[in-house]
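Printed here is coords-v4.csv (CSV, C-alpha atoms and all ligand atoms):
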```csv
chain,number,residue,atom,x,y,z
A,1,MET,CA,-13.1,-15.4,-51.8
A,2,ILE,CA,-13.4,-15.2,-55.5
A,3,GLU,CA,-15.1,-12.0,-56.7
A,4,TYR,CA,-15.9,-10.5,-60.1
A,5,VAL,CA,-14.2,-7.3,-61.1
A,6,SER,CA,-15.9,-7.1,-64.5
A,7,ASN,CA,-18.3,-9.4,-66.2
A,8,MET,CA,-19.6,-8.7,-69.7
A,9,ALA,CA,-21.3,-10.9,-72.3
A,10,LEU,CA,-19.4,-11.4,-75.5
A,11,PRO,CA,-21.1,-11.6,-78.9
A,12,VAL,CA,-20.1,-15.2,-79.3
A,13,GLY,CA,-22.2,-16.2,-76.3
A,14,GLU,CA,-19.3,-16.4,-73.8
A,15,ASP,CA,-18.5,-14.0,-71.0
A,16,PHE,CA,-15.6,-11.8,-70.5
A,17,MET,CA,-14.9,-12.2,-66.8
A,18,ILE,CA,-12.1,-10.7,-64.7
A,19,ARG,CA,-11.8,-12.3,-61.4
A,20,LYS,CA,-9.9,-11.6,-58.2
A,21,ASN,CA,-9.2,-13.6,-55.1
A,22,ARG,CA,-9.6,-11.5,-51.9
A,23,ILE,CA,-7.8,-12.9,-48.9
A,24,GLU,CA,-8.6,-11.3,-45.6
A,25,PRO,CA,-7.8,-11.9,-41.9
A,26,LYS,CA,-10.4,-13.8,-39.9
A,27,LYS,CA,-11.1,-10.8,-37.7
A,28,MET,CA,-11.5,-7.5,-39.5
A,29,SER,CA,-11.2,-4.1,-37.8
A,30,GLY,CA,-12.3,-2.1,-40.8
A,31,ASN,CA,-9.0,-0.3,-41.0
A,32,GLU,CA,-7.1,-3.0,-42.9
A,33,LYS,CA,-4.4,-2.0,-45.4
A,34,ARG,CA,-4.7,-3.5,-48.8
A,35,ILE,CA,-2.2,-4.7,-51.3
A,36,SER,CA,-3.2,-5.6,-54.9
A,37,ILE,CA,-1.3,-8.0,-57.1
A,38,VAL,CA,-2.2,-7.8,-60.8
A,39,THR,CA,-0.9,-9.6,-63.8
A,40,GLY,CA,-1.9,-11.1,-67.1
A,41,THR,CA,-2.5,-7.8,-68.8
A,42,HIS,CA,-0.4,-9.1,-71.7
A,43,GLY,CA,-1.6,-12.7,-72.3
A,44,ASP,CA,1.7,-14.0,-73.4
A,45,GLU,CA,3.5,-13.0,-70.2
A,46,LEU,CA,3.1,-15.8,-67.7
A,47,GLU,CA,5.7,-15.2,-65.1
A,48,GLY,CA,3.1,-13.6,-62.8
A,49,GLN,CA,0.9,-16.7,-62.9
A,50,TYR,CA,3.3,-18.6,-60.7
A,51,VAL,CA,3.7,-15.5,-58.4
A,52,CYS,CA,-0.1,-15.4,-57.8
A,53,TYR,CA,-0.2,-19.1,-57.1
A,54,GLU,CA,2.8,-19.2,-54.8
A,55,LEU,CA,1.7,-16.0,-52.9
A,56,ILE,CA,-1.8,-17.4,-52.2
A,57,ARG,CA,-0.4,-20.8,-51.2
A,58,ARG,CA,2.1,-19.3,-48.8
A,59,ILE,CA,-0.5,-16.9,-47.2
A,60,ASN,CA,-3.0,-19.8,-46.7
A,61,GLU,CA,-0.3,-22.0,-45.2
A,62,ASP,CA,0.3,-19.4,-42.4
A,63,LYS,CA,-2.8,-17.4,-42.4
A,64,ARG,CA,-2.7,-16.4,-38.7
A,65,HIS,CA,-0.1,-13.8,-39.7
A,66,LEU,CA,-2.4,-12.0,-42.1
A,67,THR,CA,-3.4,-8.6,-40.7
A,68,GLY,CA,-4.6,-6.9,-43.9
A,69,ILE,CA,-6.2,-7.5,-47.3
A,70,VAL,CA,-4.5,-9.2,-50.2
A,71,ASP,CA,-6.3,-8.9,-53.6
A,72,VAL,CA,-4.9,-11.1,-56.4
A,73,TYR,CA,-5.9,-10.5,-60.0
A,74,PRO,CA,-4.2,-13.3,-62.1
A,75,ALA,CA,-5.6,-12.3,-65.5
A,76,LEU,CA,-6.7,-8.8,-66.5
A,77,ASN,CA,-6.8,-10.1,-70.0
A,78,PRO,CA,-8.2,-13.6,-69.5
A,79,LEU,CA,-8.9,-14.3,-73.1
A,80,GLY,CA,-5.3,-13.4,-73.9
A,81,VAL,CA,-3.9,-15.7,-71.2
A,82,ASP,CA,-6.1,-18.6,-72.2
A,83,THR,CA,-5.0,-18.3,-75.9
A,84,ILE,CA,-1.4,-17.0,-75.3
A,85,ASN,CA,-2.2,-13.8,-77.1
A,86,ARG,CA,-0.5,-10.6,-76.0
A,87,GLY,CA,-3.6,-8.5,-76.7
A,88,MET,CA,-7.4,-9.1,-76.4
A,89,PRO,CA,-7.8,-11.7,-79.2
A,90,LEU,CA,-11.2,-10.7,-80.5
A,91,PHE,CA,-10.2,-7.1,-80.8
A,92,ASP,CA,-6.4,-7.3,-81.4
A,93,LEU,CA,-6.1,-4.7,-78.7
A,94,ASP,CA,-3.3,-4.1,-76.2
A,95,MET,CA,-5.0,-4.0,-72.8
A,96,ASN,CA,-2.2,-1.8,-71.5
A,97,ARG,CA,-3.1,1.0,-73.9
A,98,ILE,CA,-6.7,1.7,-72.9
A,99,PHE,CA,-6.4,2.9,-69.3
A,100,PRO,CA,-8.0,4.7,-67.5
A,101,GLY,CA,-10.9,3.5,-69.7
A,102,ASP,CA,-14.4,4.9,-69.8
A,103,ILE,CA,-17.4,3.4,-68.0
A,104,ASN,CA,-19.6,4.5,-70.9
A,105,GLY,CA,-17.2,3.6,-73.7
A,106,THR,CA,-16.6,0.5,-75.8
A,107,MET,CA,-16.5,-2.9,-74.1
A,108,ALA,CA,-12.7,-2.8,-73.6
A,109,GLU,CA,-12.9,0.8,-72.2
A,110,THR,CA,-15.6,-0.2,-69.8
A,111,VAL,CA,-13.6,-3.2,-68.6
A,112,ALA,CA,-10.6,-0.9,-68.1
A,113,ALA,CA,-12.7,1.5,-66.1
A,114,ASN,CA,-14.0,-1.3,-63.9
A,115,ILE,CA,-10.4,-2.5,-63.2
A,116,ILE,CA,-9.3,1.0,-62.2
A,117,LYS,CA,-12.3,1.4,-59.9
A,118,ASP,CA,-11.5,-1.9,-58.2
A,119,LEU,CA,-7.8,-1.2,-57.7
A,120,LYS,CA,-8.2,2.5,-56.6
A,121,GLY,CA,-7.3,3.1,-53.0
A,122,SER,CA,-5.0,0.1,-52.7
A,123,ASP,CA,-2.0,1.0,-50.4
A,124,LEU,CA,0.2,-0.6,-53.0
A,125,CYS,CA,-0.5,-2.2,-56.3
A,126,ILE,CA,2.1,-4.5,-58.0
A,127,ASP,CA,1.6,-5.0,-61.8
A,128,ILE,CA,3.7,-8.0,-62.9
A,129,HIS,CA,4.8,-8.3,-66.5
A,130,ALA,CA,7.3,-10.6,-68.2
A,131,SER,CA,9.5,-9.9,-71.1
A,132,ASN,CA,8.5,-11.0,-74.6
A,133,ILE,CA,9.6,-14.3,-76.1
A,134,PHE,CA,12.6,-12.6,-77.6
A,135,LEU,CA,14.4,-11.2,-74.6
A,136,LYS,CA,15.2,-12.4,-71.1
A,137,GLU,CA,15.2,-9.8,-68.3
A,138,ILE,CA,16.5,-9.9,-64.8
A,139,SER,CA,13.9,-9.1,-62.2
A,140,GLN,CA,13.4,-5.4,-62.2
A,141,ILE,CA,11.0,-2.6,-61.5
A,142,ARG,CA,10.5,0.3,-64.0
A,143,ILE,CA,9.6,3.6,-62.5
A,144,ASN,CA,8.6,6.8,-64.2
A,145,GLU,CA,10.9,9.7,-63.2
A,146,ILE,CA,7.9,11.8,-62.0
A,147,THR,CA,6.9,9.2,-59.4
A,148,LYS,CA,10.4,8.1,-58.2
A,149,ASP,CA,10.4,9.9,-54.9
A,150,ARG,CA,7.3,8.1,-53.8
A,151,LEU,CA,7.9,4.7,-55.5
A,152,VAL,CA,11.6,4.0,-55.2
A,153,PRO,CA,11.4,3.4,-51.4
A,154,MET,CA,8.5,1.0,-51.9
A,155,ALA,CA,10.3,-0.7,-54.9
A,156,LYS,CA,13.2,-1.5,-52.6
A,157,TRP,CA,11.0,-3.8,-50.5
A,158,LEU,CA,10.3,-6.1,-53.5
A,159,ASN,CA,13.7,-8.0,-53.5
A,160,VAL,CA,14.4,-7.3,-57.2
A,161,ASP,CA,17.9,-7.0,-58.7
A,162,TYR,CA,17.3,-3.8,-60.5
A,163,ILE,CA,15.3,-0.6,-60.4
A,164,TRP,CA,15.2,1.3,-63.7
A,165,VAL,CA,14.0,5.0,-63.4
A,166,HIS,CA,12.8,6.0,-66.9
A,167,SER,CA,12.6,9.5,-68.2
A,168,ALA,CA,9.1,11.0,-68.2
A,169,ALA,CA,9.3,11.5,-72.0
A,170,THR,CA,9.2,7.7,-72.7
A,171,VAL,CA,6.3,6.9,-70.5
A,172,LEU,CA,3.0,5.9,-72.0
A,173,GLU,CA,0.1,7.5,-70.3
A,174,SER,CA,-2.4,4.9,-71.3
A,175,THR,CA,-0.9,2.1,-69.1
A,176,LEU,CA,-2.6,0.8,-65.9
A,177,ALA,CA,0.4,1.9,-63.8
A,178,TYR,CA,0.4,5.4,-65.1
A,179,SER,CA,-3.4,5.7,-64.6
A,180,LEU,CA,-3.3,4.4,-61.0
A,181,ASN,CA,-0.3,6.5,-60.0
A,182,ASP,CA,-2.0,9.5,-61.5
A,183,ILE,CA,-5.0,9.0,-59.1
A,184,GLY,CA,-2.7,8.5,-56.1
A,185,THR,CA,-2.7,4.7,-55.9
A,186,PRO,CA,1.0,3.7,-55.8
A,187,THR,CA,1.7,1.1,-58.5
A,188,LEU,CA,5.0,-0.6,-59.2
A,189,VAL,CA,5.6,-2.3,-62.6
A,190,VAL,CA,7.7,-5.5,-62.3
A,191,GLU,CA,9.3,-7.0,-65.5
A,192,MET,CA,11.2,-10.3,-65.3
A,193,GLY,CA,12.0,-13.5,-67.1
A,194,VAL,CA,10.9,-14.3,-70.6
A,195,GLY,CA,7.6,-14.4,-72.5
A,196,MET,CA,5.5,-17.6,-72.4
A,197,ARG,CA,7.6,-19.2,-69.7
A,198,ILE,CA,7.8,-19.4,-65.9
A,199,THR,CA,11.2,-18.7,-64.3
A,200,LYS,CA,10.6,-20.2,-60.9
A,201,GLU,CA,13.6,-18.6,-59.2
A,202,TYR,CA,12.5,-15.1,-60.2
A,203,GLY,CA,8.9,-15.9,-59.1
A,204,ASP,CA,10.1,-17.1,-55.7
A,205,GLN,CA,12.4,-14.0,-55.3
A,206,LEU,CA,9.5,-11.7,-56.0
A,207,VAL,CA,7.1,-13.5,-53.7
A,208,ASP,CA,9.7,-13.1,-50.9
A,209,GLY,CA,9.7,-9.4,-51.7
A,210,ILE,CA,5.9,-9.1,-51.7
A,211,PHE,CA,5.9,-10.5,-48.1
A,212,VAL,CA,8.4,-7.8,-47.2
A,213,ALA,CA,6.1,-5.1,-48.7
A,214,MET,CA,3.1,-6.7,-46.8
A,215,LYS,CA,5.0,-6.5,-43.5
A,216,GLU,CA,6.1,-2.9,-44.1
A,217,LEU,CA,2.4,-2.0,-44.9
A,218,GLY,CA,1.1,-3.8,-41.8
A,219,ILE,CA,-0.6,-6.6,-43.8
A,220,TRP,CA,1.6,-9.4,-42.5
A,221,ASP,CA,3.2,-10.0,-39.1
A,222,GLY,CA,5.1,-13.2,-39.8
A,223,GLU,CA,8.9,-13.6,-40.5
A,224,VAL,CA,10.2,-12.1,-43.8
A,225,ILE,CA,13.5,-12.0,-45.5
A,226,THR,CA,15.9,-9.0,-45.7
A,227,PRO,CA,15.4,-7.8,-49.3
A,228,LYS,CA,18.3,-7.6,-51.8
A,229,THR,CA,19.8,-4.2,-52.3
A,230,PRO,CA,18.9,-3.4,-55.9
A,231,ILE,CA,21.0,-1.5,-58.5
A,232,ILE,CA,19.2,1.8,-59.2
A,233,SER,CA,19.8,3.6,-62.5
A,234,GLN,CA,18.6,6.3,-64.8
A,235,ASP,CA,18.2,6.0,-68.6
A,236,GLY,CA,21.6,7.5,-69.3
A,237,SER,CA,23.6,4.6,-68.1
A,238,VAL,CA,21.8,1.9,-70.2
A,239,HIS,CA,23.5,0.8,-73.5
A,240,PHE,CA,21.4,-1.0,-76.1
A,241,LEU,CA,23.0,-3.7,-78.3
A,242,ASN,CA,21.4,-4.0,-81.7
A,243,ALA,CA,22.1,-6.5,-84.5
A,244,ALA,CA,23.9,-4.9,-87.5
A,245,VAL,CA,23.0,-7.9,-89.7
A,246,SER,CA,20.3,-10.5,-90.0
A,247,GLY,CA,21.1,-14.1,-88.9
A,248,ILE,CA,21.2,-16.4,-85.9
A,249,PHE,CA,22.3,-15.1,-82.6
A,250,VAL,CA,24.4,-17.4,-80.5
A,251,ALA,CA,25.2,-16.1,-77.0
A,252,LYS,CA,28.6,-16.5,-75.4
A,253,ALA,CA,28.1,-14.4,-72.2
A,254,SER,CA,25.5,-15.4,-69.7
A,255,HIS,CA,22.6,-13.4,-68.6
A,256,CYS,CA,22.8,-11.3,-65.5
A,257,LYS,CA,26.6,-11.3,-65.6
A,258,GLU,CA,29.0,-8.4,-64.9
A,259,LEU,CA,31.0,-7.8,-68.0
A,260,LYS,CA,34.3,-6.0,-68.7
A,261,GLU,CA,34.5,-3.6,-71.6
A,262,GLY,CA,35.3,-5.5,-74.8
A,263,GLU,CA,34.1,-8.8,-73.4
A,264,HIS,CA,32.5,-11.2,-76.0
A,265,ILE,CA,28.7,-11.2,-75.7
A,266,GLY,CA,27.9,-13.4,-78.7
A,267,ASP,CA,27.9,-13.8,-82.4
A,268,ILE,CA,25.4,-13.4,-85.2
A,269,VAL,CA,26.1,-16.3,-87.6
A,270,SER,CA,25.0,-17.6,-90.9
A,271,PRO,CA,23.6,-21.2,-90.9
A,272,LEU,CA,23.9,-21.2,-94.7
A,273,THR,CA,27.6,-20.3,-95.1
A,274,GLY,CA,29.0,-21.1,-91.7
A,275,GLN,CA,30.4,-17.6,-91.3
A,276,VAL,CA,30.3,-15.3,-88.3
A,277,LEU,CA,28.5,-12.2,-89.6
A,278,GLN,CA,28.9,-10.0,-86.5
A,279,ARG,CA,30.8,-10.4,-83.3
A,280,ILE,CA,29.2,-8.5,-80.4
A,281,TYR,CA,31.3,-7.1,-77.6
A,282,SER,CA,30.5,-5.2,-74.5
A,283,PRO,CA,30.9,-1.4,-75.0
A,284,CYS,CA,31.6,-0.8,-71.3
A,285,ASN,CA,32.0,-2.4,-67.9
A,286,GLY,CA,28.5,-3.3,-66.9
A,287,LEU,CA,25.7,-5.7,-66.1
A,288,LEU,CA,24.1,-7.7,-68.9
A,289,PHE,CA,20.6,-7.3,-67.6
A,290,THR,CA,18.7,-8.1,-70.9
A,291,LEU,CA,19.9,-10.9,-73.2
A,292,ARG,CA,18.3,-12.2,-76.4
A,293,GLU,CA,16.5,-15.5,-75.8
A,294,PHE,CA,15.1,-16.0,-79.3
A,295,PRO,CA,17.9,-16.8,-81.8
A,296,VAL,CA,16.6,-15.4,-85.1
A,297,VAL,CA,17.5,-11.8,-85.5
A,298,ASN,CA,16.8,-9.2,-88.2
A,299,GLU,CA,19.0,-6.2,-88.7
A,300,GLY,CA,18.3,-3.7,-85.9
A,301,ALA,CA,16.9,-6.3,-83.5
A,302,LEU,CA,17.7,-5.9,-79.8
A,303,VAL,CA,20.3,-8.4,-78.7
A,304,GLY,CA,20.9,-7.1,-75.2
A,305,ARG,CA,21.0,-4.2,-72.8
A,306,ILE,CA,23.9,-3.4,-70.5
A,307,LEU,CA,23.8,-1.2,-67.4
A,308,GLU,CA,27.1,0.7,-67.3
A,309,ARG,CA,28.9,0.3,-64.0
A,310,LYS,CA,31.6,2.8,-63.7
A,311,GLY,CA,34.7,1.8,-61.9
A,312,ARG,CA,34.1,-1.9,-62.1
A,401,ZN,ZN,3.6,-6.7,-70.4
```
Conversion result in structure tokens:
Amino acid sequence: MIEYVSNMALPVGEDFMIRKNRIEPKKMSGNEKRISIVTGTHGDELEGQYVCYELIRRINEDKRHLTGIVDVYPALNPLGVDTINRGMPLFDLDMNRIFPGDINGTMAETVAANIIKDLKGSDLCIDIHASNIFLKEISQIRINEITKDRLVPMAKWLNVDYIWVHSAATVLESTLAYSLNDIGTPTLVVEMGVGMRITKEYGDQLVDGIFVAMKELGIWDGEVITPKTPIISQDGSVHFLNAAVSGIFVAKASHCKELKEGEHIGDIVSPLTGQVLQRIYSPCNGLLFTLREFPVVNEGALVGRILERKGR
């Protein structure tokens, strides 16, 4: 059943509509648990579009196993998704910096408040992001340190490769996830793949994990997989690799690979002189969980991130 979460007229004569698809069991007891899947907050991150499609398709294929409510919100920033803009195109505004919003505020703030009102009370909310067009990420969940006791056990259901627990100091309070967790609605932020693309294997991996979460919550009684055991880390064990020069990055190592200290990750080269300007080596034994996808780099640009794995 398609429902409107927020519907406002735009000055240009169009409507700003946020829609969700609510999927319910045929017979309702009134005590159903609810899981909410949201994505498309950043219009240039499309990995979640496939996840929404595939989740709904698989539920509908075997709907007798559905014992709770699934709400799917494919585009919190529909104008952005339609035009491949990260923010809201008319306002050049990052949707993930306006939560919890204000029902009496500007249009964007009102929309944000409507979204929170709709999601509030979910037994679990999963907010799916992709990386940008510059970096490729393995499937991961990022959790604020202050919510880790509640969220890490739920994150383990989702079949991701990596759970990154961030220090509280680096967390932005104006995000959807922060606002929902703050009012007691557990919300997990998934980051995976690359901007403006769909990485089907990551999407399928996450959909398998969402079914595990649904089973744990009592929303699904069909067969599910045994989720992967993710690597869990805190900030201190992540190394950032930055370009020391501007040029063209050519990767040698492959993404998602376990590296030895000193292993060659890639080079920054000059297409004009044919020289290697910088060779980049791994500073430690670890997992290359972020790798640059977009080849043009400026000095200081992020080339990769390595999770240090002691004793490997
Ligand atoms: Zn995002």
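Closest approach to Gly218 (chain A) among A:Glu61, A:Glu145, A:Asp123, A:Glu299 is made by A:Asp123 (distances from only C-alpha atoms).
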Please, which residues have at least one atom within 7 Å of an atom of ligand ZN 401 (chain A), using all atoms listed in the file, listed as a PyMOL selection string? chain A and resi 41-42+45+129-131
Neighbouring residues of Ala112 (chain A) were defined as those with any atom within 6 Å, considering all atoms listed in the file; residues of the same chain fewer than 3 positions away were excluded. Please report them as a PyMOL selection string. chain A and resi 99+101+109+115
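Among the candidates A:Ile146, A:Cys256, A:Met88, A:Ile219, the one nearest to Asp161 (chain A) when counting only C-alpha atoms is A:Cys256.
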So which residues touch Val160 (chain A) within 8 Å, counting all atoms listed in the file, skipping near sequence neighbours fewer than 4 positions away, as a PyMOL selection string? chain A and resi 139-141+156+205-206+209+227-230
Keeping only C-alpha atoms, write those residues as a PDB file, in the coordinates of the input.
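Listing of result.pdb after writing:
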```pdb
ATOM      1  CA  SER A 139      13.900  -9.100 -62.200  1.00  0.00           C
ATOM      2  CA  GLN A 140      13.400  -5.400 -62.200  1.00  0.00           C
ATOM      3  CA  ILE A 141      11.000  -2.600 -61.500  1.00  0.00           C
ATOM      4  CA  LYS A 156      13.200  -1.500 -52.600  1.00  0.00           C
ATOM      5  CA  GLN A 205      12.400 -14.000 -55.300  1.00  0.00           C
ATOM      6  CA  LEU A 206       9.500 -11.700 -56.000  1.00  0.00           C
ATOM      7  CA  GLY A 209       9.700  -9.400 -51.700  1.00  0.00           C
ATOM      8  CA  PRO A 227      15.400  -7.800 -49.300  1.00  0.00           C
ATOM      9  CA  LYS A 228      18.300  -7.600 -51.800  1.00  0.00           C
ATOM     10  CA  THR A 229      19.800  -4.200 -52.300  1.00  0.00           C
ATOM     11  CA  PRO A 230      18.900  -3.400 -55.900  1.00  0.00           C
TER      12      PRO A 230
END
```
When you draw a straight line from CA of Pro283 (chain A) to CA of His239 (chain A), how long is it in Å? 7.9 Å
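Proximity of A:Tyr162, A:Tyr53, A:Phe134, A:Tyr4 to Leu291 (chain A), computed with all atoms listed in the file, is greatest for A:Phe134.
Considering the residues A:Ala301, A:Leu135, A:Ile37, A:Ile98 and counting all atoms listed in the file, Ala213 (chain A) has its shortest atom-to-atom contact with A:Ile37.
A straight line drawn from CA of Arg279 (chain A) to CA of Gly236 (chain A) is 24.5 Å long.
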Find the distance between CA of Ile248 (chain A) and CA of Ile280 (chain A) and write it in Å to one decimal.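 We find that CA of Ile248 (chain A) and CA of Ile280 (chain A) lie 12.5 Å from each other.
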Calculated over only C-alpha atoms, which of the candidates A:Leu217, A:Leu158, A:Leu302, A:Met28 has the smallest distance to Gly203 (chain A)? A:Leu158
Which residues are near Ile128 (chain A)? Cut-off 7 Å, all atoms listed in the file, ignore same chain within fewer than 2 positions. Put them as a list in words.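 Neighbouring residues, sequence-local ones excluded: Val38, Thr39, Gly48, Ile126, Ala130, Val189, Val190 and Glu191 of chain A.
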Within 9 Å of Phe211 (chain A), counting only C-alpha atoms, which residues qualify if same-chain residues fewer than 6 places away don't, as a PDB file with C-alpha atoms, in the frame of the given file?
```pdb
ATOM      1  CA  LEU A  55       1.700 -16.000 -52.900  1.00  0.00           C
ATOM      2  CA  TRP A 157      11.000  -3.800 -50.500  1.00  0.00           C
ATOM      3  CA  LEU A 158      10.300  -6.100 -53.500  1.00  0.00           C
ATOM      4  CA  ILE A 219      -0.600  -6.600 -43.800  1.00  0.00           C
ATOM      5  CA  TRP A 220       1.600  -9.400 -42.500  1.00  0.00           C
ATOM      6  CA  GLY A 222       5.100 -13.200 -39.800  1.00  0.00           C
ATOM      7  CA  GLU A 223       8.900 -13.600 -40.500  1.00  0.00           C
ATOM      8  CA  VAL A 224      10.200 -12.100 -43.800  1.00  0.00           C
ATOM      9  CA  ILE A 225      13.500 -12.000 -45.500  1.00  0.00           C
TER      10      ILE A 225
END
```
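Nearest residue to Asn181 (chain A), choosing from A:Ile210, A:Leu46, A:Val5, A:Leu119 and counting only C-alpha atoms: A:Leu119.
Within 12 Å of Asn114 (chain A), once all atoms listed in the file are used and residues closer than 6 positions along the same chain are dropped, the contacting residues are Tyr4, Val5, Ser6, Asn7, Met8, Met17, Ile18, Arg19, Leu76, Ile98, Phe99, Pro100, Gly101, Asp102, Ile103, Asn104, Gly105, Met107, Ala108, Lys120 and Leu176 of chain A.
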Since the input is missing atoms for region 18-31 of chain A, could you rebuild it with N, CA and C atoms and give the result as an mmCIF file, in the frame of the given file?
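Writing the result to out.cif gives the following:
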```cif
data_model
loop_
_atom_site.group_PDB
_atom_site.id
_atom_site.type_symbol
_atom_site.label_atom_id
_atom_site.label_comp_id
_atom_site.auth_asym_id
_atom_site.auth_seq_id
_atom_site.Cartn_x
_atom_site.Cartn_y
_atom_site.Cartn_z
ATOM 1 N N ILE A 18 -13.399 -10.877 -65.451
ATOM 2 C CA ILE A 18 -12.100 -10.700 -64.700
ATOM 3 C C ILE A 18 -12.411 -10.947 -63.276
ATOM 4 N N ARG A 19 -11.597 -11.852 -62.740
ATOM 5 C CA ARG A 19 -11.800 -12.300 -61.400
ATOM 6 C C ARG A 19 -10.651 -11.927 -60.483
ATOM 7 N N LYS A 20 -10.959 -11.790 -59.204
ATOM 8 C CA LYS A 20 -9.900 -11.600 -58.200
ATOM 9 C C LYS A 20 -10.135 -12.541 -57.061
ATOM 10 N N ASN A 21 -9.070 -12.827 -56.340
ATOM 11 C CA ASN A 21 -9.200 -13.600 -55.100
ATOM 12 C C ASN A 21 -8.854 -12.620 -53.970
ATOM 13 N N ARG A 22 -9.825 -12.355 -53.118
ATOM 14 C CA ARG A 22 -9.600 -11.500 -51.900
ATOM 15 C C ARG A 22 -9.302 -12.376 -50.735
ATOM 16 N N ILE A 23 -8.146 -12.135 -50.109
ATOM 17 C CA ILE A 23 -7.800 -12.900 -48.900
ATOM 18 C C ILE A 23 -7.747 -11.913 -47.752
ATOM 19 N N GLU A 24 -8.513 -12.230 -46.704
ATOM 20 C CA GLU A 24 -8.600 -11.300 -45.600
ATOM 21 C C GLU A 24 -8.345 -12.049 -44.271
ATOM 22 N N PRO A 25 -7.961 -11.288 -43.249
ATOM 23 C CA PRO A 25 -7.800 -11.900 -41.900
ATOM 24 C C PRO A 25 -9.177 -12.362 -41.398
ATOM 25 N N LYS A 26 -9.161 -13.312 -40.480
ATOM 26 C CA LYS A 26 -10.400 -13.800 -39.900
ATOM 27 C C LYS A 26 -11.204 -12.699 -39.235
ATOM 28 N N LYS A 27 -10.476 -11.929 -38.394
ATOM 29 C CA LYS A 27 -11.100 -10.800 -37.700
ATOM 30 C C LYS A 27 -10.768 -9.523 -38.378
ATOM 31 N N MET A 28 -11.775 -8.753 -38.769
ATOM 32 C CA MET A 28 -11.500 -7.500 -39.500
ATOM 33 C C MET A 28 -11.856 -6.320 -38.567
ATOM 34 N N SER A 29 -10.991 -5.311 -38.593
ATOM 35 C CA SER A 29 -11.200 -4.100 -37.800
ATOM 36 C C SER A 29 -11.917 -3.020 -38.643
ATOM 37 N N GLY A 30 -11.822 -3.159 -39.955
ATOM 38 C CA GLY A 30 -12.300 -2.100 -40.800
ATOM 39 C C GLY A 30 -11.277 -1.127 -41.278
ATOM 40 N N ASN A 31 -10.107 -1.194 -40.645
ATOM 41 C CA ASN A 31 -9.000 -0.300 -41.000
ATOM 42 C C ASN A 31 -7.859 -0.997 -41.685
#
```
